[in-house]
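Engineer: Dropping in data11.txt, which is compact mmCIF, C-alpha atoms:
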```
# COMPACT_ATOMS: atom_id res chain seq x y z
CA MET A 169 0.00 0.00 0.00
CA ALA A 170 1.37 3.41 -0.90
CA THR A 171 2.10 5.72 1.98
CA GLU A 172 -0.20 8.74 2.09
CA SER A 173 1.00 12.34 2.22
CA THR A 174 2.84 13.47 5.30
CA THR A 175 0.30 16.02 6.52
CA LYS A 176 -2.98 17.48 5.51
CA ARG A 177 -3.78 21.00 6.67
CA HIS A 178 -7.28 22.14 7.36
CA GLY A 179 -6.51 25.83 7.83
CA PRO A 180 -7.74 27.92 10.76
CA VAL A 181 -10.27 26.04 12.85
CA ARG A 182 -11.00 28.74 15.41
CA ALA A 183 -9.99 32.29 16.16
CA ALA A 184 -9.17 33.17 19.74
CA SER A 185 -8.19 36.39 21.45
CA VAL A 186 -4.80 36.57 23.08
CA GLY A 187 -3.49 39.69 24.72
CA ARG A 188 -4.86 43.14 23.78
CA GLY A 189 -6.30 43.55 20.33
CA THR A 190 -4.56 40.54 18.83
CA ILE A 191 -6.17 37.47 17.28
CA THR A 192 -4.33 34.20 16.92
CA ALA A 193 -5.84 31.48 14.76
CA LEU A 194 -5.74 27.85 15.81
CA THR A 195 -4.76 25.65 12.88
CA SER A 196 -4.98 21.90 12.51
CA GLU A 197 -3.26 19.19 10.53
CA VAL A 198 -3.31 15.42 10.27
CA CYS A 199 0.08 13.70 10.52
CA ARG A 200 0.15 10.44 8.53
CA ASP A 201 3.89 9.91 8.30
CA PRO A 202 5.50 7.79 11.10
CA ASP A 203 8.81 9.62 10.71
CA ARG A 204 7.09 12.97 11.16
CA PHE A 205 5.27 11.58 14.19
CA GLY A 206 8.61 10.46 15.58
CA ALA A 207 10.04 13.94 15.09
CA LEU A 208 7.29 15.41 17.29
CA ALA A 209 8.86 13.94 20.44
CA ALA A 210 10.02 17.17 22.10
CA GLU A 211 6.88 19.26 21.59
CA TRP A 212 4.60 16.28 22.25
CA THR A 213 6.37 15.69 25.56
CA ALA A 214 5.98 19.37 26.46
CA LEU A 215 2.24 19.18 25.72
CA HIS A 216 1.98 15.95 27.72
CA ARG A 217 3.45 17.82 30.70
CA ARG A 218 0.91 20.65 30.30
CA SER A 219 -2.06 18.28 30.16
CA ALA A 220 -3.43 17.91 33.68
CA THR A 221 -5.18 14.58 33.03
CA ALA A 222 -2.56 12.83 30.87
CA THR A 223 -1.53 9.28 31.78
CA PRO A 224 1.74 7.51 30.89
CA PHE A 225 0.00 5.88 27.93
CA GLN A 226 -0.25 9.27 26.18
CA SER A 227 3.50 9.86 26.33
CA HIS A 228 5.23 10.16 22.98
CA ALA A 229 7.69 7.39 23.83
CA TRP A 230 4.89 4.91 24.49
CA LEU A 231 2.71 5.83 21.49
CA HIS A 232 5.43 6.11 18.87
CA SER A 233 7.04 2.88 19.99
CA TRP A 234 3.63 1.17 19.90
CA TRP A 235 3.15 2.34 16.33
CA LEU A 236 6.53 0.95 15.29
CA SER A 237 5.61 -2.47 16.71
CA TYR A 238 1.87 -2.64 16.01
CA GLY A 239 0.93 0.00 13.42
CA THR A 240 -0.32 -0.72 9.91
CA PRO A 241 1.41 1.29 7.14
CA GLY A 242 -0.81 4.02 5.71
CA ARG A 243 -3.26 4.03 8.63
CA LEU A 244 -1.67 6.63 10.94
CA ARG A 245 -3.93 9.63 11.69
CA VAL A 246 -2.49 11.93 14.37
CA VAL A 247 -4.59 15.09 14.62
CA LEU A 248 -2.64 18.17 15.75
CA VAL A 249 -3.83 21.65 16.70
CA ARG A 250 -1.43 24.59 16.93
CA ARG A 251 -1.65 28.11 18.31
CA ALA A 252 0.94 30.51 16.89
CA GLY A 253 2.99 27.46 15.93
CA ALA A 254 2.87 25.86 19.39
CA LEU A 255 1.19 22.49 19.83
CA VAL A 256 -1.89 22.91 22.06
CA ALA A 257 -3.92 19.76 21.30
CA ALA A 258 -3.32 16.31 19.88
CA ALA A 259 -5.29 13.13 19.23
CA PRO A 260 -3.19 10.01 18.43
CA LEU A 261 -5.36 7.87 16.16
CA MET A 262 -5.23 5.23 13.43
CA LEU A 263 -7.72 4.09 10.81
CA VAL A 264 -9.25 0.60 10.90
CA HIS A 265 -12.20 -1.00 9.13
CA ARG A 266 -14.93 -2.81 11.13
CA PRO A 267 -16.14 -3.19 8.31
CA PHE A 268 -16.69 0.54 7.80
CA PRO A 269 -14.03 3.15 8.68
CA VAL A 270 -13.33 3.70 12.37
CA LEU A 271 -10.66 5.89 13.96
CA VAL A 272 -9.25 4.28 17.11
CA GLN A 273 -6.58 5.38 19.55
CA LEU A 274 -2.94 4.40 19.26
CA GLY A 275 -1.79 2.09 22.04
CA GLY A 276 -4.31 -0.67 21.47
CA SER A 277 -5.22 -3.28 24.04
CA ILE A 278 -1.83 -3.21 25.78
CA SER A 279 -2.56 0.35 26.98
CA ASP A 280 -4.73 0.72 30.08
CA PHE A 281 -5.92 4.26 29.34
CA SER A 282 -6.45 6.38 26.24
CA ASP A 283 -7.01 10.11 25.91
CA VAL A 284 -6.34 13.18 23.82
CA LEU A 285 -3.97 15.92 24.97
CA LEU A 286 -5.06 19.50 25.67
CA ASP A 287 -2.84 22.38 26.79
CA GLY A 288 -3.92 23.19 30.34
CA GLU A 289 -3.47 26.92 29.69
CA HIS A 290 -5.90 26.91 26.74
CA THR A 291 -8.16 23.99 27.59
CA ASP A 292 -11.51 25.31 26.34
CA SER A 293 -10.32 26.76 23.03
CA ALA A 294 -8.04 23.77 22.41
CA ALA A 295 -10.91 21.33 23.04
CA GLN A 296 -13.23 23.16 20.65
CA ALA A 297 -10.54 23.37 17.99
CA LEU A 298 -9.64 19.70 18.37
CA ALA A 299 -13.30 18.69 18.09
CA LYS A 300 -13.61 20.56 14.80
CA ALA A 301 -10.32 19.15 13.53
CA LEU A 302 -11.42 15.61 14.43
CA ALA A 303 -14.71 16.06 12.60
CA THR A 304 -12.83 17.16 9.49
CA ALA A 305 -10.23 14.39 9.77
CA ALA A 306 -12.78 11.65 10.43
CA ARG A 307 -14.80 12.34 7.29
CA THR A 308 -16.81 9.08 6.92
CA ALA A 309 -15.28 7.36 9.95
CA VAL A 310 -16.63 6.86 13.46
CA ILE A 311 -14.21 7.89 16.24
CA ASP A 312 -14.01 5.18 18.91
CA LEU A 313 -12.04 6.12 22.04
CA ARG A 314 -11.65 3.19 24.43
CA GLU A 315 -10.54 3.19 28.09
CA VAL A 316 -10.99 6.89 28.82
CA ARG A 317 -10.60 7.73 32.53
CA PRO A 318 -13.27 9.89 34.18
CA GLY A 319 -12.22 13.54 33.99
CA ALA A 320 -9.93 12.96 30.99
CA ASP A 321 -9.37 15.63 28.33
CA ALA A 322 -11.34 13.50 25.85
CA GLU A 323 -14.46 14.29 27.89
CA ARG A 324 -14.04 17.99 27.06
CA VAL A 325 -13.92 17.18 23.37
CA TYR A 326 -16.99 14.97 23.80
CA ASP A 327 -18.87 17.78 25.56
CA CYS A 328 -18.36 20.23 22.68
CA TRP A 329 -18.83 17.69 19.87
CA ASP A 330 -21.27 18.93 17.22
CA GLY A 331 -22.61 15.65 15.86
CA ALA A 332 -23.64 12.16 16.88
CA ARG A 333 -22.08 10.83 20.08
CA ASP A 334 -22.50 8.11 22.68
CA ARG A 335 -20.88 7.14 25.97
CA LEU A 336 -20.51 3.52 27.10
CA ALA A 337 -18.97 1.84 30.12
CA ASP A 338 -15.55 0.27 29.62
CA SER A 339 -13.05 -1.55 31.85
CA LEU A 340 -13.03 -1.42 35.62
CA CYS A 341 -9.93 0.00 37.34
CA LEU A 342 -8.91 0.08 40.99
CA GLU A 343 -7.00 2.99 42.54
CA LEU A 344 -5.31 3.87 45.80
CA PRO A 345 -4.09 7.21 47.14
CA ALA A 346 -0.36 7.76 46.62
CA VAL A 347 0.61 7.55 50.28
CA PRO A 348 3.27 5.58 52.22
CA MET A 349 2.64 1.97 53.18
CA ASP A 350 1.80 2.80 56.78
CA GLU A 351 -1.12 4.91 55.60
CA LEU A 352 -2.28 2.17 53.22
CA LEU A 353 -2.20 -0.28 56.12
CA GLY A 354 -4.26 2.20 58.13
CA ARG A 355 -7.07 1.79 55.61
CA LEU A 356 -7.42 -1.89 56.49
CA PRO A 357 -9.31 -3.59 59.31
CA SER A 358 -6.93 -4.29 62.19
CA SER A 359 -6.79 -8.06 61.64
CA ARG A 360 -5.99 -7.67 57.95
CA ALA A 361 -3.42 -4.97 58.66
CA GLN A 362 -1.69 -7.29 61.16
CA ARG A 363 -1.45 -10.03 58.55
CA SER A 364 0.00 -7.58 56.05
CA ARG A 365 2.60 -6.38 58.56
CA ALA A 366 3.56 -10.01 59.18
CA LYS A 367 4.09 -10.46 55.43
CA ILE A 368 6.30 -7.37 55.36
CA ARG A 369 8.36 -8.67 58.29
CA LYS A 370 8.80 -11.94 56.39
CA ILE A 371 10.12 -10.04 53.35
CA ASP A 372 12.51 -8.03 55.54
CA SER A 373 13.75 -11.12 57.37
CA LEU A 374 14.83 -12.68 54.08
CA GLY A 375 16.99 -9.66 53.28
CA ILE A 376 15.39 -8.85 49.92
CA GLU A 377 16.95 -5.67 48.54
CA GLU A 378 15.39 -3.18 46.11
CA ARG A 379 17.21 -1.32 43.35
CA VAL A 380 15.95 1.17 40.76
CA VAL A 381 17.52 0.32 37.41
CA PRO A 382 19.47 3.17 35.71
CA VAL A 383 18.57 4.07 32.14
CA GLU A 384 21.64 2.49 30.55
CA GLU A 385 20.67 -0.92 31.98
CA ILE A 386 17.01 -0.81 30.93
CA PRO A 387 17.26 -3.17 27.90
CA THR A 388 18.83 -5.92 30.00
CA ALA A 389 16.43 -5.27 32.89
CA ILE A 390 13.37 -5.55 30.60
CA GLU A 391 14.70 -8.83 29.25
CA ARG A 392 15.08 -10.12 32.82
CA LEU A 393 11.61 -8.88 33.79
CA LEU A 394 9.95 -10.62 30.83
CA GLY A 395 11.89 -13.80 31.59
CA LEU A 396 10.68 -13.76 35.20
CA HIS A 397 7.14 -13.00 34.03
CA ARG A 398 7.26 -16.00 31.69
CA ARG A 399 8.51 -18.28 34.49
CA GLN A 400 5.97 -16.91 36.93
CA TRP A 401 3.04 -17.85 34.67
CA GLN A 402 4.45 -21.02 33.11
CA GLY A 403 1.76 -23.67 32.96
CA ARG A 404 -0.94 -21.14 33.93
CA GLY A 405 -3.10 -18.65 32.10
CA VAL A 406 -1.02 -15.74 30.81
CA THR A 407 -1.71 -12.90 28.39
CA PRO A 408 -0.26 -14.33 25.13
CA GLU A 409 0.83 -10.92 23.86
CA HIS A 410 3.19 -10.53 26.83
CA LEU A 411 5.21 -13.44 25.42
CA SER A 412 5.51 -12.02 21.90
CA ALA A 413 8.65 -10.60 20.31
CA ARG A 414 6.89 -7.39 19.24
CA PHE A 415 5.76 -6.70 22.82
CA ALA A 416 9.31 -7.18 24.07
CA GLN A 417 10.63 -4.82 21.40
CA HIS A 418 8.00 -2.20 22.20
CA LEU A 419 8.61 -2.41 25.94
CA THR A 420 12.40 -2.20 25.62
CA ARG A 421 12.25 0.75 23.24
CA SER A 422 9.53 2.75 24.99
CA VAL A 423 10.63 2.18 28.59
CA ARG A 424 14.19 3.31 27.95
CA SER A 425 12.90 6.64 26.61
CA MET A 426 10.29 6.93 29.36
CA VAL A 427 12.89 6.37 32.08
CA GLU A 428 14.98 9.16 30.56
CA CYS A 429 11.94 11.48 30.75
CA GLY A 430 10.89 10.39 34.25
CA ASP A 431 7.77 8.62 32.96
CA ALA A 432 8.77 5.09 33.97
CA MET A 433 10.74 3.22 36.61
CA VAL A 434 12.02 -0.36 36.70
CA THR A 435 12.71 -1.78 40.16
CA GLU A 436 14.56 -5.04 40.71
CA PHE A 437 14.44 -7.11 43.89
CA ARG A 438 17.50 -9.16 44.79
CA LEU A 439 17.94 -12.05 47.17
CA ALA A 440 21.49 -13.25 47.84
CA GLY A 441 22.65 -11.22 44.85
CA GLU A 442 20.16 -12.77 42.39
CA VAL A 443 17.27 -10.88 40.78
CA VAL A 444 14.14 -12.66 42.01
CA ALA A 445 11.53 -10.10 40.98
CA ALA A 446 11.20 -7.03 38.77
CA ASP A 447 8.49 -4.41 38.46
CA LEU A 448 7.73 -1.84 35.76
CA THR A 449 5.89 1.27 36.96
CA LEU A 450 4.62 3.86 34.47
CA MET A 451 4.16 7.45 35.65
CA SER A 452 2.62 10.78 34.68
CA PRO A 453 2.55 14.00 36.73
CA ARG A 454 -0.50 12.90 38.78
CA LEU A 455 -0.72 9.14 38.37
CA ALA A 456 1.52 6.10 38.62
CA GLY A 457 0.69 2.45 38.13
CA GLY A 458 2.41 -0.92 38.19
CA TYR A 459 2.19 -2.07 34.58
CA LEU A 460 3.96 -5.45 34.55
CA TYR A 461 6.03 -7.54 36.92
CA GLY A 462 7.80 -10.85 37.02
CA ALA A 463 8.72 -12.99 40.00
CA ASP A 464 10.73 -16.17 40.50
CA PRO A 465 8.31 -19.01 41.42
CA ALA A 466 10.72 -19.88 44.23
CA LEU A 467 9.41 -16.85 46.14
CA ARG A 468 6.09 -18.65 46.55
CA ASP A 469 7.93 -21.55 48.16
CA ARG A 470 9.46 -19.08 50.63
CA LYS A 471 5.97 -17.73 51.45
CA VAL A 472 6.79 -14.29 50.06
CA ASP A 473 3.71 -12.19 49.22
CA VAL A 474 4.99 -10.63 46.00
CA ALA A 475 2.04 -8.26 45.59
CA THR A 476 2.67 -6.76 49.04
CA MET A 477 6.40 -6.47 48.34
CA LEU A 478 5.80 -4.59 45.07
CA LEU A 479 3.10 -2.35 46.49
CA ARG A 480 5.24 -1.28 49.46
CA GLU A 481 8.11 -0.24 47.23
CA SER A 482 5.84 1.57 44.74
CA ALA A 483 4.04 3.41 47.55
CA ARG A 484 7.34 4.45 49.13
CA ARG A 485 8.76 5.96 45.97
CA ILE A 486 5.60 7.44 44.46
CA SER A 487 4.37 9.11 47.65
CA VAL A 488 7.41 11.41 47.73
CA ASP A 489 7.04 12.50 44.08
CA GLY A 490 3.88 14.58 44.48
CA ARG A 491 1.60 12.24 42.58
CA THR A 492 -1.91 11.75 43.92
CA THR A 493 -2.99 8.37 42.51
CA LEU A 494 -1.47 4.90 42.73
CA SER A 495 -3.39 3.02 40.06
CA MET A 496 -3.72 -0.75 39.94
CA LEU A 497 -4.71 -0.20 36.31
CA ARG A 498 -7.33 -2.33 34.57
CA GLY A 499 -8.64 -5.49 36.13
CA ASN A 500 -10.81 -6.52 39.05
CA GLU A 501 -8.60 -9.29 40.45
CA PRO A 502 -9.48 -10.33 44.03
CA TYR A 503 -5.97 -9.69 45.42
CA LYS A 504 -6.30 -5.98 44.57
CA HIS A 505 -9.37 -5.62 46.80
CA HIS A 506 -7.27 -6.57 49.83
CA TRP A 507 -6.18 -2.91 49.99
CA ARG A 508 -9.71 -1.45 49.82
CA PRO A 509 -9.12 0.55 46.64
CA GLU A 510 -11.53 2.97 44.99
CA THR A 511 -13.40 1.54 42.01
CA VAL A 512 -13.14 3.65 38.85
CA ARG A 513 -14.88 2.77 35.59
CA ASN A 514 -13.25 3.75 32.30
CA GLN A 515 -15.46 5.04 29.50
CA ARG A 516 -15.82 4.42 25.79
CA LEU A 517 -16.56 7.62 23.85
CA LEU A 518 -18.05 7.38 20.35
CA LEU A 519 -18.10 10.41 18.03
CA ALA A 520 -19.28 10.87 14.45
CA ARG A 521 -20.71 13.42 12.07
CA GLY A 522 -24.47 13.71 12.18
CA LEU A 523 -24.97 11.81 8.92
CA LEU A 524 -23.02 8.87 10.37
CA ALA A 525 -25.31 8.41 13.37
CA PRO A 526 -26.46 4.96 12.08
CA SER A 527 -22.84 3.77 11.91
CA LEU A 528 -22.20 5.06 15.42
CA ARG A 529 -25.28 3.25 16.71
CA LEU A 530 -24.05 0.04 15.10
CA VAL A 531 -20.65 0.35 16.82
CA ALA A 532 -22.42 0.99 20.12
CA ALA A 533 -24.76 -1.98 19.66
CA ARG A 534 -21.88 -4.33 18.87
CA ALA A 535 -19.94 -3.07 21.89
CA ALA A 536 -22.95 -3.59 24.15
CA ALA A 537 -23.43 -7.14 22.83
CA ARG A 538 -19.78 -8.03 23.43
CA GLY A 539 -20.02 -6.52 26.91
CA ARG A 540 -23.03 -8.67 27.78
CA ALA A 541 -21.25 -11.78 26.48
CA ALA A 542 -18.14 -10.97 28.55
CA ASP A 543 -20.26 -10.43 31.67
CA LEU A 544 -21.91 -13.81 31.13
CA VAL A 545 -18.53 -15.53 30.80
CA ASN A 546 -17.23 -13.79 33.94
CA GLU A 547 -20.29 -14.91 35.88
CA ARG A 548 -19.79 -18.53 34.84
CA LEU A 549 -15.98 -18.63 35.04
CA PRO A 550 -15.68 -19.29 38.82
CA ALA A 551 -18.04 -22.28 38.57
CA MET A 552 -16.16 -23.58 35.51
CA LYS A 553 -12.82 -23.34 37.33
CA ALA A 554 -14.25 -25.05 40.40
CA GLY A 555 -15.55 -27.90 38.24
CA LEU A 556 -12.19 -28.30 36.51
CA ALA A 557 -10.42 -28.31 39.87
CA ARG A 558 -12.69 -31.08 41.14
CA ARG A 559 -12.05 -33.18 38.02
CA THR A 560 -8.31 -32.58 38.40
CA ARG A 561 -8.34 -33.86 41.96
CA ARG A 562 -10.09 -37.00 40.67
CA GLY A 563 -7.53 -37.32 37.86
CA GLY A 564 -10.02 -36.38 35.19
CA GLY A 565 -8.47 -33.24 33.71
CA LYS A 566 -5.94 -30.43 33.93
CA GLY A 567 -6.34 -27.53 36.28
CA VAL A 568 -6.31 -23.97 34.98
CA SER A 569 -5.61 -20.59 36.43
CA SER A 570 -5.50 -17.11 34.99
CA LYS A 571 -3.65 -13.89 35.56
```
Would you write the structure of this file as structure tokens?

Structural biologist:
Amino acid sequence: MATESTTKRHGPVRAASVGRGTITALTSEVCRDPDRFGALAAEWTALHRRSATATPFQSHAWLHSWWLSYGTPGRLRVVLVRRAGALVAAAPLMLVHRPFPVLVQLGGSISDFSDVLLDGEHTDSAAQALAKALATAARTAVIDLREVRPGADAERVYDCWDGARDRLADSLCLELPAVPMDELLGRLPSSRAQRSRAKIRKIDSLGIEERVVPVEEIPTAIERLLGLHRRQWQGRGVTPEHLSARFAQHLTRSVRSMVECGDAMVTEFRLAGEVVAADLTLMSPRLAGGYLYGADPALRDRKVDVATMLLRESARRISVDGRTTLSMLRGNEPYKHHWRPETVRNQRLLLARGLLAPSLRLVAARAAARGRAADLVNERLPAMKAGLARRTRRGGGKGVSSK
């Protein structure tokens, strides 16, 4: 497929007053060239810093690396809005067909949150300009934004959208305040807090040491982390993509750049000089979350509660950085509820021109049907696992477990 033109300009999308008696037009363009997208790193990062609701998954390092590993040539559609040459809004998208045209966010299913970026100093005008630019760029496509956190910048674009729109529920996330471990323990009932303190004493008695990996060692550290992750889940249910070569390439490439920018941290845990666990935390100015970890199965034999070990270290480091939220990211796993987190539901925002309202309704109907099917499976899964476990104990099958 031939690569499309580098950019397409739409001209001024909105005039806004700045200063006394001066008018500065906001202009938009659509970047379709991966090399041009790569060259946006510095100004994209600056905009990411000025966006109050941005998450690590909107960083340039994460998105551009994702495109290099997962993108389809000719499908890149990054919508940019500028004010006097400065980038004030951006929407990282790509074109897919389902079977009609749909614009979806970069980052795909391996990203826990999606959003657009708006300059915090010009939020209202940037949101209006980006909405108009998106309408022009979408043409006959429906815009489908998955995994949008409540309060995200994408909500502002949704609010000023002049066309068909819909809002659906998406994945469930669990979040804690970014406070030291003692304060997290204070949230628990006394009996549960005592058990957690006993687990911490067990970790300390073994002499496990923590170390933040410097940027120059990130490639080797990511390789170790993925190896530990593979061993940890061997013979059990694991996300297949986490074992793929393209995921390893994306993680190595993106995390190195994110560590340089302060948007990621890899922590290794050593016992008797050997790395027995590793944790990757992704960070933005307000939020941090443990994205992926790996642990030597031998830690289970030593009765080490790995989740408690990782959470204590993350809480210790993040609480001193001024961030407000320690996210457990997507997923409603039972072990997360031990810490009495707040439940937060991501959203799915659908946008289209008025004439495309039937297409938008079709996307919404399909999403709702898949959601009902997933809920049904989740309701039946515990009983299915229990039945398999009983058959395994009788020698009639293989047991299963999932991440």

Engineer: Tell me, as a ChimeraX atom specification, which residues lie within 10 Å of Leu353 of chain A, counting all atoms listed in the file; anything in the same chain fewer than 3 positions away does not count.

Structural biologist: /A:348-350,356-358,360-362,364-365,507-508

Engineer: Pick out the closest residue to Ala220 of chain A from this set: A:Ala258, A:Leu286, A:Leu244, A:Leu274. Count only C-alpha atoms.

Structural biologist: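 For Ala220 of chain A, the nearest of the given residues is A:Leu286.
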
Engineer: Leaving out Asp280 of chain A and any residue of its chain fewer than 5 positions from it, which residues lie within 9 Å of it when counting only C-alpha atoms, given as number ranges by chain?

Structural biologist: A: 225, 275, 315-316, 339, 341, 459, 497-498

Engineer: Give me the residues within 12 Å of Ala254 of chain A as an MDAnalysis selection string, counting all atoms listed in the file and dropping any in the same chain fewer than 4 places off.

Structural biologist: chainID A and resid 192:196 208 210:212 214:215 248:250 258 286:287 290 294

Engineer: Taking into account all atoms listed in the file, which residue in the set A:Arg513, A:Arg538, A:Arg399, A:Arg355 is nearest to Asn500 of chain A?

Structural biologist: A:Arg513

Engineer: Of the candidates A:Ser527, A:Thr435, A:Ser487, A:Ser495, which shows the shortest atom-to-atom distance to Val381 of chain A, using only C-alpha atoms?

Structural biologist: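 Closest candidate: A:Thr435.
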
Engineer: Here is a test: counting only C-alpha atoms, which residue of A:Leu419, A:Val444, A:Ala222, A:Ala466 is nearest to Leu236 of chain A?

Structural biologist: A:Leu419

Engineer: Find the distance between atom CA of Gly462 of chain A and atom CA of Thr407 of chain A and write it in Å to one decimal.

Structural biologist: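 Atom-to-atom, atom CA of Gly462 of chain A and atom CA of Thr407 of chain A are spaced 13.0 Å apart.
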
Engineer: To one decimal place in Å, what is the distance between atom CA of Met426 of chain A and atom CA of Met451 of chain A?

Structural biologist: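 The value is 8.8 Å.
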
Engineer: May I have the protein, DNA and RNA residues with an atom at most 10 Å from (11.6, -22.5, 35.0), counting all atoms listed in the file in the file's coordinates, returned as a tab-separated table (two decimals) with C-alpha atoms, in the coordinates of the input?

Structural biologist:
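In the end it all went to result.tsv:
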```tsv
chain	number	residue	atom	x	y	z
A	395	GLY	CA	11.89	-13.80	31.59
A	396	LEU	CA	10.68	-13.76	35.20
A	398	ARG	CA	7.26	-16.00	31.69
A	399	ARG	CA	8.51	-18.28	34.49
A	400	GLN	CA	5.97	-16.91	36.93
A	401	TRP	CA	3.04	-17.85	34.67
A	402	GLN	CA	4.45	-21.02	33.11
A	464	ASP	CA	10.73	-16.17	40.50
A	465	PRO	CA	8.31	-19.01	41.42
A	466	ALA	CA	10.72	-19.88	44.23
```

Engineer: Residues around (-5.7, 2.9, 21.2), cut-off 10 Å, counting all atoms listed in the file - what are they as a ChimeraX atom specification?

Structural biologist: /A:225-226,231,234,260-262,271-283,312-315

Engineer: Let's have the selection written as a PDB file, keeping the file's coordinate frame, with C-alpha atoms.

Structural biologist:
```
ATOM      1  CA  PHE A 225       0.000   5.880  27.930  1.00  0.00           C
ATOM      2  CA  GLN A 226      -0.250   9.270  26.180  1.00  0.00           C
ATOM      3  CA  LEU A 231       2.710   5.830  21.490  1.00  0.00           C
ATOM      4  CA  TRP A 234       3.630   1.170  19.900  1.00  0.00           C
ATOM      5  CA  PRO A 260      -3.190  10.010  18.430  1.00  0.00           C
ATOM      6  CA  LEU A 261      -5.360   7.870  16.160  1.00  0.00           C
ATOM      7  CA  MET A 262      -5.230   5.230  13.430  1.00  0.00           C
ATOM      8  CA  LEU A 271     -10.660   5.890  13.960  1.00  0.00           C
ATOM      9  CA  VAL A 272      -9.250   4.280  17.110  1.00  0.00           C
ATOM     10  CA  GLN A 273      -6.580   5.380  19.550  1.00  0.00           C
ATOM     11  CA  LEU A 274      -2.940   4.400  19.260  1.00  0.00           C
ATOM     12  CA  GLY A 275      -1.790   2.090  22.040  1.00  0.00           C
ATOM     13  CA  GLY A 276      -4.310  -0.670  21.470  1.00  0.00           C
ATOM     14  CA  SER A 277      -5.220  -3.280  24.040  1.00  0.00           C
ATOM     15  CA  ILE A 278      -1.830  -3.210  25.780  1.00  0.00           C
ATOM     16  CA  SER A 279      -2.560   0.350  26.980  1.00  0.00           C
ATOM     17  CA  ASP A 280      -4.730   0.720  30.080  1.00  0.00           C
ATOM     18  CA  PHE A 281      -5.920   4.260  29.340  1.00  0.00           C
ATOM     19  CA  SER A 282      -6.450   6.380  26.240  1.00  0.00           C
ATOM     20  CA  ASP A 283      -7.010  10.110  25.910  1.00  0.00           C
ATOM     21  CA  ASP A 312     -14.010   5.180  18.910  1.00  0.00           C
ATOM     22  CA  LEU A 313     -12.040   6.120  22.040  1.00  0.00           C
ATOM     23  CA  ARG A 314     -11.650   3.190  24.430  1.00  0.00           C
ATOM     24  CA  GLU A 315     -10.540   3.190  28.090  1.00  0.00           C
TER      25      GLU A 315
END
```

Engineer: Is it possible to get the axis-aligned box enclosing segment 298-312 of chain A (all listed atoms, 4 Å extra per side) as lines of an AutoDock Vina configuration file, with centre and edge lengths in Å rounded to one decimal?

Structural biologist:
```
center_x = -13.2
center_y = 12.9
center_z = 12.9
size_x = 15.2
size_y = 23.4
size_z = 20.0
```

Engineer: Fewer than 4 positions away in the same chain doesn't count, so skip those; otherwise give me all residues within 9 Å of Glu289 of chain A, counting only C-alpha atoms, as a list in words.

Structural biologist: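 The residues that qualify are Arg218, Ser219 and Val256 of chain A.
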
Engineer: Between atom CA of Ala456 of chain A and atom CA of Met477 of chain A, what is the spacing in Å?

Structural biologist: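 We find that atom CA of Met477 of chain A and atom CA of Ala456 of chain A lie 16.6 Å from each other.
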
Engineer: Between A:Ile371, A:Ala537, A:Leu528, A:Leu263, which residue has the minimum interatomic distance to Leu478 of chain A, considering only C-alpha atoms?

Structural biologist: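 Distance minimum relative to Leu478 of chain A lands on A:Ile371.
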
Engineer: Restricting the calculation to only C-alpha atoms, which member of A:Ala332, A:Leu439, A:Ala322, A:Leu455 is positioned closest to Ala525 of chain A?

Structural biologist: A:Ala332

Engineer: Supply segment 413-419 of chain A as a PDB file, in the frame of the given file, with N, CA, C and O atoms built in where the input has gaps.

Structural biologist:
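Written output follows (selection28.pdb):
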```pdb
ATOM      1  N   ALA A 413       7.433 -11.363  20.604  1.00  0.00           N
ATOM      2  CA  ALA A 413       8.650 -10.600  20.310  1.00  0.00           C
ATOM      3  C   ALA A 413       8.326  -9.118  20.127  1.00  0.00           C
ATOM      4  O   ALA A 413       9.097  -8.246  20.559  1.00  0.00           O
ATOM      5  N   ARG A 414       7.195  -8.805  19.486  1.00  0.00           N
ATOM      6  CA  ARG A 414       6.890  -7.390  19.240  1.00  0.00           C
ATOM      7  C   ARG A 414       6.597  -6.649  20.543  1.00  0.00           C
ATOM      8  O   ARG A 414       6.923  -5.465  20.671  1.00  0.00           O
ATOM      9  N   PHE A 415       6.000  -7.337  21.519  1.00  0.00           N
ATOM     10  CA  PHE A 415       5.760  -6.700  22.820  1.00  0.00           C
ATOM     11  C   PHE A 415       7.087  -6.428  23.513  1.00  0.00           C
ATOM     12  O   PHE A 415       7.288  -5.348  24.088  1.00  0.00           O
ATOM     13  N   ALA A 416       8.001  -7.379  23.456  1.00  0.00           N
ATOM     14  CA  ALA A 416       9.310  -7.180  24.070  1.00  0.00           C
ATOM     15  C   ALA A 416      10.051  -6.017  23.427  1.00  0.00           C
ATOM     16  O   ALA A 416      10.676  -5.194  24.113  1.00  0.00           O
ATOM     17  N   GLN A 417       9.974  -5.921  22.096  1.00  0.00           N
ATOM     18  CA  GLN A 417      10.630  -4.820  21.400  1.00  0.00           C
ATOM     19  C   GLN A 417      10.014  -3.481  21.775  1.00  0.00           C
ATOM     20  O   GLN A 417      10.722  -2.502  22.024  1.00  0.00           O
ATOM     21  N   HIS A 418       8.684  -3.450  21.821  1.00  0.00           N
ATOM     22  CA  HIS A 418       8.000  -2.200  22.200  1.00  0.00           C
ATOM     23  C   HIS A 418       8.375  -1.792  23.621  1.00  0.00           C
ATOM     24  O   HIS A 418       8.689  -0.620  23.874  1.00  0.00           O
ATOM     25  N   LEU A 419       8.350  -2.742  24.549  1.00  0.00           N
ATOM     26  CA  LEU A 419       8.610  -2.410  25.940  1.00  0.00           C
ATOM     27  C   LEU A 419      10.053  -1.922  26.126  1.00  0.00           C
ATOM     28  O   LEU A 419      10.297  -0.921  26.813  1.00  0.00           O
TER      29      LEU A 419
END
```
